[in-house]
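Source file start.txt; content: compact mmCIF, N, CA and C atoms.
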# COMPACT_ATOMS: atom_id res chain seq x y z
N MET A 1213 36.75 6.29 30.77
CA MET A 1213 36.00 7.49 30.50
C MET A 1213 34.63 7.37 31.15
N GLU A 1214 34.31 8.40 31.88
CA GLU A 1214 33.03 8.41 32.57
C GLU A 1214 32.02 9.24 31.78
N VAL A 1215 30.79 8.77 31.75
CA VAL A 1215 29.72 9.43 31.01
C VAL A 1215 28.74 10.04 32.00
N THR A 1216 28.42 11.30 31.79
CA THR A 1216 27.48 11.98 32.68
C THR A 1216 26.05 11.56 32.32
N GLN A 1217 25.13 11.83 33.20
CA GLN A 1217 23.71 11.54 32.96
C GLN A 1217 23.22 12.26 31.71
N GLU A 1218 23.65 13.50 31.55
CA GLU A 1218 23.23 14.30 30.40
C GLU A 1218 23.75 13.69 29.09
N GLN A 1219 25.00 13.26 29.08
CA GLN A 1219 25.57 12.64 27.89
C GLN A 1219 24.86 11.32 27.58
N LEU A 1220 24.61 10.54 28.60
CA LEU A 1220 23.91 9.27 28.43
C LEU A 1220 22.52 9.50 27.85
N HIS A 1221 21.82 10.47 28.42
CA HIS A 1221 20.48 10.80 27.93
C HIS A 1221 20.52 11.22 26.46
N GLU A 1222 21.51 12.03 26.10
CA GLU A 1222 21.64 12.49 24.72
C GLU A 1222 21.94 11.33 23.77
N MET A 1223 22.81 10.41 24.19
CA MET A 1223 23.13 9.25 23.35
C MET A 1223 21.91 8.36 23.15
N VAL A 1224 21.17 8.12 24.22
CA VAL A 1224 19.97 7.30 24.13
C VAL A 1224 18.94 7.96 23.23
N GLN A 1225 18.77 9.26 23.38
CA GLN A 1225 17.79 9.99 22.57
C GLN A 1225 18.14 9.91 21.09
N LEU A 1226 19.42 10.03 20.75
CA LEU A 1226 19.85 9.92 19.36
C LEU A 1226 19.54 8.54 18.79
N GLU A 1227 19.81 7.51 19.57
CA GLU A 1227 19.53 6.13 19.13
C GLU A 1227 18.03 5.90 18.95
N VAL A 1228 17.24 6.40 19.87
CA VAL A 1228 15.78 6.24 19.79
C VAL A 1228 15.25 6.96 18.55
N ASN A 1229 15.69 8.18 18.32
CA ASN A 1229 15.24 8.93 17.14
C ASN A 1229 15.63 8.22 15.84
N ALA A 1230 16.84 7.67 15.79
CA ALA A 1230 17.28 6.95 14.60
C ALA A 1230 16.43 5.70 14.38
N ALA A 1231 16.13 4.98 15.45
CA ALA A 1231 15.31 3.78 15.34
C ALA A 1231 13.89 4.10 14.88
N ILE A 1232 13.33 5.16 15.40
CA ILE A 1232 11.98 5.59 15.01
C ILE A 1232 11.96 5.98 13.54
N ALA A 1233 12.95 6.74 13.11
CA ALA A 1233 13.03 7.17 11.71
C ALA A 1233 13.19 5.97 10.79
N ALA A 1234 14.03 5.03 11.15
CA ALA A 1234 14.26 3.85 10.31
C ALA A 1234 13.00 3.01 10.21
N LYS A 1235 12.30 2.82 11.32
CA LYS A 1235 11.09 2.01 11.31
C LYS A 1235 9.98 2.69 10.52
N SER A 1236 9.83 3.98 10.65
CA SER A 1236 8.74 4.67 9.96
C SER A 1236 8.99 4.79 8.47
N LEU A 1237 10.23 4.67 8.02
CA LEU A 1237 10.53 4.80 6.60
C LEU A 1237 10.71 3.46 5.90
N SER A 1238 10.89 2.39 6.65
CA SER A 1238 11.18 1.10 6.02
C SER A 1238 9.99 0.58 5.23
N GLY A 1239 10.20 0.31 3.96
CA GLY A 1239 9.18 -0.27 3.11
C GLY A 1239 8.08 0.65 2.66
N VAL A 1240 8.06 1.87 3.11
CA VAL A 1240 6.95 2.76 2.78
C VAL A 1240 6.90 3.06 1.29
N LYS A 1241 8.04 3.39 0.69
CA LYS A 1241 8.04 3.78 -0.71
C LYS A 1241 7.58 2.64 -1.61
N THR A 1242 8.14 1.45 -1.45
CA THR A 1242 7.76 0.36 -2.32
C THR A 1242 6.30 -0.02 -2.11
N LEU A 1243 5.85 -0.04 -0.89
CA LEU A 1243 4.46 -0.37 -0.61
C LEU A 1243 3.53 0.66 -1.25
N ASN A 1244 3.78 1.93 -1.04
CA ASN A 1244 2.91 2.96 -1.58
C ASN A 1244 2.96 3.04 -3.09
N ILE A 1245 4.13 2.94 -3.67
CA ILE A 1245 4.25 3.04 -5.12
C ILE A 1245 3.56 1.84 -5.78
N ALA A 1246 3.83 0.66 -5.29
CA ALA A 1246 3.24 -0.54 -5.87
C ALA A 1246 1.72 -0.49 -5.82
N TRP A 1247 1.19 -0.13 -4.68
CA TRP A 1247 -0.26 -0.08 -4.54
C TRP A 1247 -0.85 1.12 -5.27
N ALA A 1248 -0.22 2.27 -5.20
CA ALA A 1248 -0.75 3.49 -5.81
C ALA A 1248 -0.93 3.34 -7.31
N GLU A 1249 0.03 2.72 -7.98
CA GLU A 1249 -0.08 2.53 -9.43
C GLU A 1249 -1.26 1.63 -9.78
N LEU A 1250 -1.40 0.53 -9.06
CA LEU A 1250 -2.51 -0.38 -9.33
C LEU A 1250 -3.85 0.28 -8.98
N LYS A 1251 -3.89 0.98 -7.88
CA LYS A 1251 -5.12 1.67 -7.46
C LYS A 1251 -5.54 2.70 -8.52
N ASN A 1252 -4.57 3.44 -9.06
CA ASN A 1252 -4.88 4.40 -10.12
C ASN A 1252 -5.39 3.72 -11.37
N ASP A 1253 -4.82 2.58 -11.71
CA ASP A 1253 -5.29 1.84 -12.88
C ASP A 1253 -6.72 1.33 -12.68
N ILE A 1254 -7.03 0.88 -11.48
CA ILE A 1254 -8.39 0.42 -11.19
C ILE A 1254 -9.36 1.59 -11.30
N SER A 1255 -9.02 2.71 -10.71
CA SER A 1255 -9.90 3.89 -10.76
C SER A 1255 -10.09 4.37 -12.20
N LYS A 1256 -9.02 4.40 -12.96
CA LYS A 1256 -9.09 4.84 -14.35
C LYS A 1256 -10.01 3.92 -15.16
N PHE A 1257 -9.85 2.62 -14.98
CA PHE A 1257 -10.69 1.65 -15.69
C PHE A 1257 -12.16 1.86 -15.34
N VAL A 1258 -12.46 1.94 -14.06
CA VAL A 1258 -13.84 2.09 -13.61
C VAL A 1258 -14.44 3.41 -14.10
N ASN A 1259 -13.70 4.50 -13.94
CA ASN A 1259 -14.21 5.81 -14.35
C ASN A 1259 -14.43 5.91 -15.85
N GLU A 1260 -13.53 5.34 -16.64
CA GLU A 1260 -13.66 5.40 -18.10
C GLU A 1260 -14.84 4.56 -18.60
N ASN A 1261 -15.10 3.45 -17.93
CA ASN A 1261 -16.13 2.54 -18.40
C ASN A 1261 -17.49 2.72 -17.73
N TYR A 1262 -17.50 3.24 -16.52
CA TYR A 1262 -18.75 3.33 -15.77
C TYR A 1262 -19.04 4.70 -15.19
N GLY A 1263 -18.16 5.66 -15.43
CA GLY A 1263 -18.37 7.02 -14.93
C GLY A 1263 -18.04 7.15 -13.46
N LYS A 1264 -18.26 8.35 -12.94
CA LYS A 1264 -18.02 8.62 -11.52
C LYS A 1264 -19.36 8.71 -10.83
N ASN A 1265 -19.78 7.60 -10.25
CA ASN A 1265 -21.04 7.56 -9.52
C ASN A 1265 -20.94 6.50 -8.43
N PRO A 1266 -21.94 6.41 -7.56
CA PRO A 1266 -21.87 5.43 -6.47
C PRO A 1266 -21.71 3.99 -6.94
N LYS A 1267 -22.34 3.64 -8.05
CA LYS A 1267 -22.20 2.27 -8.56
C LYS A 1267 -20.77 2.00 -9.00
N ALA A 1268 -20.16 3.00 -9.63
CA ALA A 1268 -18.77 2.84 -10.06
C ALA A 1268 -17.85 2.69 -8.85
N TYR A 1269 -18.11 3.45 -7.79
CA TYR A 1269 -17.32 3.32 -6.57
C TYR A 1269 -17.46 1.91 -6.01
N SER A 1270 -18.67 1.37 -6.04
CA SER A 1270 -18.90 0.02 -5.54
C SER A 1270 -18.12 -1.01 -6.35
N LEU A 1271 -18.06 -0.81 -7.66
CA LEU A 1271 -17.30 -1.72 -8.51
C LEU A 1271 -15.81 -1.64 -8.18
N SER A 1272 -15.30 -0.44 -8.03
CA SER A 1272 -13.89 -0.26 -7.67
C SER A 1272 -13.58 -0.94 -6.34
N ASP A 1273 -14.45 -0.77 -5.38
CA ASP A 1273 -14.28 -1.40 -4.07
C ASP A 1273 -14.34 -2.92 -4.18
N ALA A 1274 -15.24 -3.43 -5.03
CA ALA A 1274 -15.37 -4.87 -5.21
C ALA A 1274 -14.11 -5.46 -5.84
N ILE A 1275 -13.54 -4.76 -6.82
CA ILE A 1275 -12.31 -5.23 -7.45
C ILE A 1275 -11.19 -5.32 -6.42
N LYS A 1276 -11.06 -4.30 -5.60
CA LYS A 1276 -10.03 -4.30 -4.56
C LYS A 1276 -10.25 -5.42 -3.56
N THR A 1277 -11.51 -5.67 -3.22
CA THR A 1277 -11.84 -6.74 -2.27
C THR A 1277 -11.47 -8.10 -2.85
N ILE A 1278 -11.78 -8.33 -4.12
CA ILE A 1278 -11.44 -9.60 -4.76
C ILE A 1278 -9.92 -9.79 -4.79
N ILE A 1279 -9.20 -8.74 -5.12
CA ILE A 1279 -7.74 -8.82 -5.15
C ILE A 1279 -7.20 -9.13 -3.75
N ARG A 1280 -7.71 -8.43 -2.74
CA ARG A 1280 -7.29 -8.70 -1.36
C ARG A 1280 -7.55 -10.15 -0.98
N PHE A 1281 -8.76 -10.62 -1.29
CA PHE A 1281 -9.14 -12.00 -0.95
C PHE A 1281 -8.21 -12.99 -1.64
N HIS A 1282 -7.97 -12.76 -2.93
CA HIS A 1282 -7.11 -13.67 -3.69
C HIS A 1282 -5.69 -13.72 -3.13
N LEU A 1283 -5.18 -12.56 -2.72
CA LEU A 1283 -3.82 -12.51 -2.17
C LEU A 1283 -3.74 -12.95 -0.72
N GLY A 1284 -4.88 -12.98 -0.05
CA GLY A 1284 -4.90 -13.37 1.35
C GLY A 1284 -4.37 -12.29 2.29
N VAL A 1285 -4.59 -11.03 1.90
CA VAL A 1285 -4.15 -9.92 2.76
C VAL A 1285 -5.38 -9.24 3.36
N ALA A 1286 -5.22 -8.73 4.54
CA ALA A 1286 -6.34 -8.10 5.25
C ALA A 1286 -6.59 -6.67 4.78
N ASN A 1287 -5.58 -6.06 4.18
CA ASN A 1287 -5.66 -4.65 3.83
C ASN A 1287 -4.94 -4.43 2.50
N VAL A 1288 -5.50 -3.59 1.64
CA VAL A 1288 -4.87 -3.35 0.33
C VAL A 1288 -3.47 -2.75 0.48
N TYR A 1289 -3.20 -2.10 1.58
CA TYR A 1289 -1.89 -1.51 1.79
C TYR A 1289 -0.82 -2.55 2.11
N GLN A 1290 -1.23 -3.81 2.23
CA GLN A 1290 -0.27 -4.90 2.37
C GLN A 1290 0.20 -5.41 1.01
N ILE A 1291 -0.37 -4.85 -0.04
CA ILE A 1291 0.09 -5.19 -1.38
C ILE A 1291 1.40 -4.46 -1.61
N ASN A 1292 2.45 -5.23 -1.93
CA ASN A 1292 3.77 -4.63 -2.07
C ASN A 1292 4.52 -5.30 -3.22
N GLU A 1293 5.80 -5.12 -3.28
CA GLU A 1293 6.62 -5.65 -4.38
C GLU A 1293 6.54 -7.18 -4.49
N THR A 1294 6.28 -7.86 -3.38
CA THR A 1294 6.26 -9.32 -3.42
C THR A 1294 4.99 -9.88 -4.03
N ASN A 1295 3.90 -9.14 -3.99
CA ASN A 1295 2.64 -9.68 -4.50
C ASN A 1295 1.94 -8.77 -5.52
N ILE A 1296 2.60 -7.70 -5.95
CA ILE A 1296 1.97 -6.76 -6.87
C ILE A 1296 1.73 -7.39 -8.23
N ASP A 1297 2.63 -8.24 -8.69
CA ASP A 1297 2.44 -8.87 -10.01
C ASP A 1297 1.18 -9.74 -10.03
N GLU A 1298 0.97 -10.49 -8.96
CA GLU A 1298 -0.23 -11.32 -8.87
C GLU A 1298 -1.48 -10.46 -8.74
N ALA A 1299 -1.38 -9.36 -8.00
CA ALA A 1299 -2.52 -8.44 -7.87
C ALA A 1299 -2.87 -7.84 -9.23
N ARG A 1300 -1.87 -7.44 -9.98
CA ARG A 1300 -2.11 -6.87 -11.31
C ARG A 1300 -2.70 -7.93 -12.26
N ARG A 1301 -2.18 -9.15 -12.18
CA ARG A 1301 -2.71 -10.24 -13.01
C ARG A 1301 -4.19 -10.46 -12.71
N MET A 1302 -4.54 -10.43 -11.43
CA MET A 1302 -5.94 -10.61 -11.03
C MET A 1302 -6.79 -9.47 -11.54
N PHE A 1303 -6.30 -8.23 -11.49
CA PHE A 1303 -7.04 -7.08 -11.99
C PHE A 1303 -7.27 -7.22 -13.50
N GLU A 1304 -6.25 -7.61 -14.24
CA GLU A 1304 -6.39 -7.77 -15.70
C GLU A 1304 -7.41 -8.85 -16.02
N LEU A 1305 -7.42 -9.92 -15.24
CA LEU A 1305 -8.40 -11.00 -15.44
C LEU A 1305 -9.82 -10.49 -15.16
N LEU A 1306 -9.98 -9.75 -14.09
CA LEU A 1306 -11.29 -9.18 -13.77
C LEU A 1306 -11.72 -8.18 -14.84
N LYS A 1307 -10.81 -7.34 -15.26
CA LYS A 1307 -11.10 -6.30 -16.25
C LYS A 1307 -11.61 -6.93 -17.56
N ALA A 1308 -11.03 -8.05 -17.94
CA ALA A 1308 -11.41 -8.71 -19.18
C ALA A 1308 -12.79 -9.35 -19.09
N ASN A 1309 -13.27 -9.57 -17.86
CA ASN A 1309 -14.54 -10.27 -17.69
C ASN A 1309 -15.66 -9.41 -17.13
N ILE A 1310 -15.41 -8.13 -16.96
CA ILE A 1310 -16.47 -7.23 -16.43
C ILE A 1310 -17.17 -6.57 -17.58
Re-express the file's structure as structure tokens.
Amino acid sequence: MEVTQEQLHEMVQLEVNAAIAAKSLSGVKTLNIAWAELKNDISKFVNENYGKNPKAYSLSDAIKTIIRFHLGVANVYQINETNIDEARRMFELLKANI
């Protein structure tokens, strides 16, 4: 069976689109859900105890920085299912001492 240029192009395009879709969706939900829940808890804690002001924002940022440093990740969005429990444990420890 011979394949025309047009058919070959269409097959390649389908494979490329599938690969792009798979790569862009892989791990996104677990990463976002894991981090989003913890981020909301941090914001809720800071807002309830210190209000919504620049100092409170600085505290929230500091908590996230300490968690990042402890986990050894460059970005909070690298917090995922594999390290979320340790991140939450660190937040609870910080919360108890602030």
| query | What does the distance between atom N of Lys1264 (chain A) and atom N of His1282 (chain A) come to in Å, to one decimal place? | reply | 25.5 Å
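Counting all atoms listed in the file, Leu1283 (chain A) has the following residues at most 8 Å away, ignoring those fewer than 6 positions along the same chain: Thr1277, Asn1295, Glu1298 and Ala1299 of chain A.
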| Close residues, Ile1278 (chain A) itself excluded, 12 Å, only C-alpha atoms, min 2 positions apart in chain, as an NGL selection string | :A and (1271-1276 or 1280-1288 or 1299-1300 or 1302-1303 or 1305-1307)
